[in-house]
>>> print(open('protein-v8.txt').read())   # compact mmCIF, C-alpha atoms
# COMPACT_ATOMS: atom_id res chain seq x y z
CA MET A 1 -12.24 6.73 13.11
CA LYS A 2 -8.95 5.71 14.71
CA LEU A 3 -6.91 3.26 12.66
CA ASP A 4 -4.21 0.88 13.80
CA LEU A 5 -2.75 0.54 10.31
CA LEU A 6 -3.03 2.90 7.34
CA THR A 7 -1.61 2.12 3.91
CA ILE A 8 -0.92 5.00 1.52
CA ALA A 9 -0.34 4.51 -2.21
CA ALA A 10 -0.54 6.44 -5.46
CA HIS A 11 -3.27 4.54 -7.31
CA PRO A 12 -6.20 2.21 -6.68
CA ASP A 13 -4.85 -1.39 -6.78
CA ASP A 14 -1.31 -0.43 -5.63
CA VAL A 15 -2.04 -1.50 -2.06
CA GLU A 16 -3.68 -4.76 -3.12
CA LEU A 17 -0.66 -5.69 -5.22
CA THR A 18 2.05 -4.82 -2.71
CA CYS A 19 0.70 -5.37 0.80
CA GLY A 20 -2.89 -6.57 0.50
CA GLY A 21 -2.17 -9.86 2.25
CA THR A 22 -0.62 -8.08 5.22
CA LEU A 23 -3.53 -5.66 5.41
CA LEU A 24 -6.00 -8.56 5.45
CA LYS A 25 -3.96 -10.46 8.04
CA MET A 26 -3.92 -7.48 10.38
CA ALA A 27 -7.69 -7.06 10.01
CA GLN A 28 -8.14 -10.75 10.84
CA LEU A 29 -6.06 -10.20 13.98
CA GLY A 30 -8.55 -7.56 15.08
CA TYR A 31 -6.80 -4.36 14.03
CA LYS A 32 -8.59 -1.50 12.31
CA THR A 33 -7.04 -0.98 8.90
CA GLY A 34 -7.42 1.61 6.18
CA ILE A 35 -6.31 2.59 2.68
CA LEU A 36 -5.68 6.08 1.34
CA ASP A 37 -5.37 6.21 -2.45
CA LEU A 38 -3.67 9.48 -3.36
CA THR A 39 -5.25 9.57 -6.84
CA ALA A 40 -8.32 8.12 -8.52
CA GLY A 41 -6.18 6.54 -11.24
CA GLU A 42 -7.79 8.78 -13.83
CA MET A 43 -4.77 8.72 -16.16
CA GLY A 44 -4.74 4.95 -16.46
CA THR A 45 -5.01 3.56 -19.99
CA ARG A 46 -7.85 1.30 -18.91
CA GLY A 47 -10.98 2.00 -16.91
CA THR A 48 -12.64 5.23 -15.83
CA PRO A 49 -12.28 6.80 -12.38
CA GLU A 50 -15.87 5.75 -11.67
CA THR A 51 -15.17 2.15 -12.61
CA ARG A 52 -11.97 2.05 -10.61
CA ALA A 53 -13.74 3.54 -7.56
CA LYS A 54 -16.27 0.70 -7.64
CA GLU A 55 -13.49 -1.83 -8.04
CA ALA A 56 -11.59 -0.28 -5.11
CA ALA A 57 -14.69 -0.53 -2.92
CA ARG A 58 -15.07 -4.22 -3.76
CA ALA A 59 -11.40 -4.87 -3.09
CA ALA A 60 -11.62 -3.06 0.26
CA LYS A 61 -14.44 -5.36 1.35
CA LEU A 62 -12.40 -8.41 0.37
CA LEU A 63 -9.50 -7.12 2.49
CA ASN A 64 -11.79 -6.30 5.44
CA VAL A 65 -10.57 -2.71 5.67
CA SER A 66 -12.45 -0.36 7.98
CA TRP A 67 -11.84 2.82 5.97
CA ARG A 68 -10.86 3.78 2.43
CA GLU A 69 -10.72 7.22 0.84
CA THR A 70 -9.09 9.07 -2.07
CA LEU A 71 -7.06 12.20 -1.39
CA GLY A 72 -7.71 13.75 -4.81
CA VAL A 73 -4.13 14.31 -5.97
CA PRO A 74 -3.89 14.46 -9.80
CA ASP A 75 -2.87 11.14 -11.32
CA SER A 76 0.54 11.27 -13.10
CA ASP A 77 1.36 14.40 -11.08
CA VAL A 78 1.79 13.13 -7.52
CA GLN A 79 4.12 15.70 -6.01
CA PRO A 80 5.14 16.43 -2.40
CA SER A 81 3.80 19.97 -2.71
CA ARG A 82 2.80 22.00 0.35
CA LEU A 83 -0.85 21.77 -0.67
CA HIS A 84 -0.81 17.98 -0.93
CA LYS A 85 1.22 17.53 2.26
CA LEU A 86 -1.26 19.61 4.24
CA ALA A 87 -4.18 17.65 2.80
CA LEU A 88 -2.51 14.40 3.79
CA ALA A 89 -1.60 15.73 7.24
CA LYS A 90 -5.27 16.54 7.81
CA VAL A 91 -6.21 12.95 7.01
CA ILE A 92 -3.52 11.65 9.38
CA ARG A 93 -4.99 13.77 12.15
CA GLU A 94 -8.45 12.44 11.39
CA VAL A 95 -7.70 8.71 11.32
CA ARG A 96 -4.70 8.80 13.73
CA PRO A 97 -2.89 5.60 12.61
CA ARG A 98 -0.27 3.99 14.78
CA THR A 99 1.49 2.39 11.81
CA VAL A 100 1.67 3.61 8.21
CA ILE A 101 2.81 1.63 5.17
CA LEU A 102 4.27 3.69 2.32
CA PRO A 103 5.64 2.77 -1.11
CA TYR A 104 9.40 2.36 -1.38
CA TRP A 105 11.17 5.63 -2.24
CA GLU A 106 12.65 4.33 -5.52
CA ALA A 107 10.40 3.10 -8.34
CA ARG A 108 9.85 2.99 -12.09
CA HIS A 109 6.69 5.09 -11.87
CA PRO A 110 7.27 8.70 -10.69
CA ASP A 111 3.94 8.70 -8.85
CA HIS A 112 5.16 5.83 -6.66
CA TYR A 113 8.39 7.40 -5.45
CA HIS A 114 6.75 10.80 -5.06
CA ALA A 115 3.99 9.10 -3.04
CA SER A 116 6.65 7.83 -0.66
CA ILE A 117 8.04 11.32 -0.06
CA LEU A 118 4.59 12.88 0.17
CA GLY A 119 3.47 10.22 2.63
CA TYR A 120 6.45 10.64 4.93
CA GLU A 121 6.36 14.42 4.97
CA GLY A 122 2.58 14.50 5.42
CA CYS A 123 2.93 12.21 8.45
CA PHE A 124 5.63 14.47 9.87
CA LEU A 125 3.65 17.67 9.40
CA ALA A 126 0.59 16.13 11.05
CA GLY A 127 2.47 16.11 14.34
CA LEU A 128 3.37 19.81 14.37
CA LYS A 129 1.35 21.52 17.09
CA GLN A 130 1.69 24.99 15.56
CA LEU A 131 0.55 23.86 12.12
CA PRO A 132 -2.58 25.89 11.22
CA LEU A 133 -4.59 22.79 10.43
CA GLU A 134 -7.82 21.33 11.74
CA GLY A 135 -7.52 18.47 14.23
CA GLU A 136 -5.30 17.49 17.12
CA PRO A 137 -1.62 16.88 16.25
CA HIS A 138 -0.77 13.25 15.58
CA ARG A 139 2.27 11.49 14.24
CA PRO A 140 2.38 7.74 13.50
CA PHE A 141 4.65 5.65 15.71
CA LYS A 142 5.94 3.43 12.91
CA ILE A 143 6.47 3.89 9.17
CA LEU A 144 7.07 0.82 7.02
CA TYR A 145 7.91 0.64 3.34
CA SER A 146 6.42 -1.95 1.02
CA ILE A 147 9.23 -3.13 -1.25
CA SER A 148 7.59 -5.73 -3.49
CA TYR A 149 8.62 -3.69 -6.55
CA ALA A 150 12.13 -2.94 -5.31
CA ASN A 151 15.38 -4.84 -5.70
CA VAL A 152 16.42 -4.42 -2.08
CA ARG A 153 16.69 -6.82 0.83
CA PRO A 154 13.71 -6.57 3.21
CA THR A 155 13.96 -5.99 6.94
CA PHE A 156 11.25 -8.61 7.44
CA VAL A 157 8.67 -10.63 5.53
CA VAL A 158 5.06 -11.22 6.58
CA ASP A 159 3.69 -14.73 6.09
CA ILE A 160 0.52 -14.30 4.00
CA THR A 161 0.01 -17.94 3.06
CA ALA A 162 -3.43 -18.05 4.69
CA GLN A 163 -4.40 -14.72 3.08
CA PHE A 164 -2.96 -15.26 -0.40
CA ARG A 165 -6.11 -16.45 -2.17
CA GLN A 166 -8.19 -13.63 -0.76
CA ARG A 167 -5.48 -11.16 -1.72
CA GLN A 168 -5.64 -12.56 -5.24
CA ARG A 169 -9.41 -12.03 -5.31
CA ALA A 170 -8.91 -8.43 -4.17
CA ILE A 171 -6.40 -7.81 -6.97
CA LEU A 172 -8.70 -9.35 -9.57
CA ALA A 173 -11.55 -7.16 -8.33
CA TYR A 174 -9.92 -4.59 -10.61
CA GLY A 175 -11.37 -6.18 -13.71
CA SER A 176 -10.70 -3.11 -15.84
CA GLN A 177 -6.98 -3.53 -15.17
CA PHE A 178 -6.40 -7.28 -14.93
CA ARG A 179 -9.33 -8.77 -16.86
CA PRO A 180 -9.91 -6.29 -19.68
CA ARG A 181 -11.82 -7.05 -22.86
CA PRO A 182 -9.54 -8.22 -25.72
CA SER A 183 -10.01 -4.87 -27.49
CA ALA A 184 -8.70 -3.04 -24.42
CA ARG A 185 -5.42 -4.94 -24.60
CA LYS A 186 -4.62 -3.72 -28.11
CA SER A 187 -2.29 -0.85 -27.31
CA LYS A 188 0.90 0.34 -28.96
CA VAL A 189 2.17 1.46 -25.57
CA PHE A 190 3.89 -1.08 -23.29
CA LEU A 191 1.71 -1.64 -20.25
CA ALA A 192 3.55 -3.18 -17.31
CA ILE A 193 0.17 -4.02 -15.81
CA ASP A 194 -0.32 -6.76 -18.42
CA ARG A 195 2.11 -8.96 -16.52
CA LEU A 196 1.94 -7.31 -13.10
CA GLU A 197 -0.53 -9.61 -11.38
CA SER A 198 1.42 -12.74 -12.30
CA GLU A 199 4.71 -11.08 -11.33
CA MET A 200 3.37 -10.10 -7.92
CA ASN A 201 2.23 -13.68 -7.33
CA GLN A 202 5.72 -14.91 -8.24
CA LEU A 203 7.26 -12.40 -5.84
CA ALA A 204 4.93 -13.54 -3.06
CA ARG A 205 6.17 -17.10 -3.61
CA HIS A 206 9.78 -15.91 -3.68
CA TYR A 207 9.57 -13.99 -0.41
CA GLY A 208 7.56 -16.78 1.18
CA GLN A 209 10.33 -19.26 0.37
CA MET A 210 12.87 -16.91 1.93
CA ILE A 211 11.16 -17.34 5.32
CA GLY A 212 10.17 -20.98 4.89
CA VAL A 213 6.48 -20.51 4.04
CA LYS A 214 4.48 -20.57 0.81
CA TYR A 215 3.71 -16.85 0.33
CA GLY A 216 5.10 -13.65 1.85
CA GLU A 217 5.13 -9.85 1.51
CA PRO A 218 8.40 -7.94 2.11
CA PHE A 219 8.85 -4.72 4.08
CA LEU A 220 11.67 -2.36 4.96
CA GLN A 221 12.07 -0.09 7.94
CA LYS A 222 14.79 2.52 8.33
CA GLU A 223 15.39 1.97 12.04
CA LEU A 224 16.82 -1.13 13.74
CA MET A 225 14.50 -3.78 15.13
CA LYS A 226 14.48 -4.47 18.87
CA VAL A 227 14.57 -8.10 20.01
CA ASP A 228 14.04 -9.12 23.65
CA ASP A 229 14.36 -12.89 23.36
CA VAL A 230 16.77 -14.29 20.77
CA MET A 231 15.48 -17.79 21.52
CA LYS A 232 12.15 -16.93 19.89
CA LEU A 233 13.53 -15.78 16.55
CA GLU A 234 11.87 -17.62 13.66
CA VAL A 235 13.23 -18.87 10.30
CA ARG A 236 15.85 -21.60 10.30
CA SER A 237 19.46 -20.62 9.60
CA ILE A 238 20.84 -24.04 8.54
>>> encode(input="protein-v8.txt", output="structure tokens")
Amino acid sequence: MKLDLLTIAAHPDDVELTCGGTLLKMAQLGYKTGILDLTAGEMGTRGTPETRAKEAARAAKLLNVSWRETLGVPDSDVQPSRLHKLALAKVIREVRPRTVILPYWEARHPDHYHASILGYEGCFLAGLKQLPLEGEPHRPFKILYSISYANVRPTFVVDITAQFRQRQRAILAYGSQFRPRPSARKSKVFLAIDRLESEMNQLARHYGQMIGVKYGEPFLQKELMKVDDVMKLEVRSI
């Protein structure tokens, strides 16, 4: 399997919430896309790992992804350890993505910002020829950061207006998280997930408005963008 685009995130449903529309759009354009969940979400207050695995499989079909796997990192303990970086580097060598989407490197949840570091360093290690690891060396050409959760200005926004409803279906495929039984909602612990789906929809509208469309997903890249023809730049200035 050789992927054009691989998204890496800490938990099942993270990708759907932050860049699911973009993933679907790229698949519709003919690119091979994939998702690597670092954990099975086994520490989540709701749902079992088995339930969440079934939900992730349904969501993957809705997003037309070609490949989805779980790395097996312990939930609530995502760390950029040597062991985890080598495991991730092995996957990178196997699926050989050109572009990788990672979580932003600052977040409320420790697993999310550690996933960003682990993802970057795993991608770097995968390209080391002398690394005693199975597979031919490979390093992605481009790394993007999904910043839906972050209070930072994006480098660019992807128009997902045509993909928004299907993205919403993929998110709601996680019934254990977003459509739990009333008894499952009775918790003394604050669960951000109780308002997460509606917040992500609001953010999609916000970023869509910023580029003059209905719905959008924001991304950040560390390097400058190259433009060949300034006459073809989109989004009106005045």
>>> axis_aligned_box(input="protein-v8.txt", around="segment 216-228 of chain A", padding_each_side="4 Å", output="AutoDock Vina command-line options")
--center_x 11.0 --center_y -5.6 --center_z 12.6 --size_x 19.7 --size_y 24.2 --size_z 30.1
>>> residues_around(input="protein-v8.txt", residues="His112 of chain A", least_positions_apart="6", cutoff="8 Å", atoms="only C-alpha atoms", output="JSON, numbers by chain")
{"A": [9, 10, 103, 104, 105, 106]}
>>> write_last_selection(input="protein-v8.txt", atoms="C-alpha atoms", output="PDB file, in the coordinates of the input")
ATOM      1  CA  ALA A   9      -0.340   4.510  -2.210  1.00  0.00           C
ATOM      2  CA  ALA A  10      -0.540   6.440  -5.460  1.00  0.00           C
ATOM      3  CA  PRO A 103       5.640   2.770  -1.110  1.00  0.00           C
ATOM      4  CA  TYR A 104       9.400   2.360  -1.380  1.00  0.00           C
ATOM      5  CA  TRP A 105      11.170   5.630  -2.240  1.00  0.00           C
ATOM      6  CA  GLU A 106      12.650   4.330  -5.520  1.00  0.00           C
TER       7      GLU A 106
END
>>> atom_distance(input="protein-v8.txt", atom1="atom CA of Arg167 of chain A", atom2="atom CA of Glu199 of chain A")
14.0 Å
>>> residues_around(input="protein-v8.txt", residues="Ala59 of chain A", least_positions_apart="4", cutoff="9 Å", atoms="all atoms listed in the file", output="PyMOL selection string")
chain A and resi 13+16+54-55+63-64+167+169-174
>>> atom_distance(input="protein-v8.txt", atom1="atom CA of Val100 of chain A", atom2="atom CA of Thr18 of chain A")
13.8 Å
>>> closest_residue(input="protein-v8.txt", among="A:Phe124, A:Arg46, A:Val157, A:Gln28", to="Arg179 of chain A", atoms="all atoms listed in the file")
A:Arg46
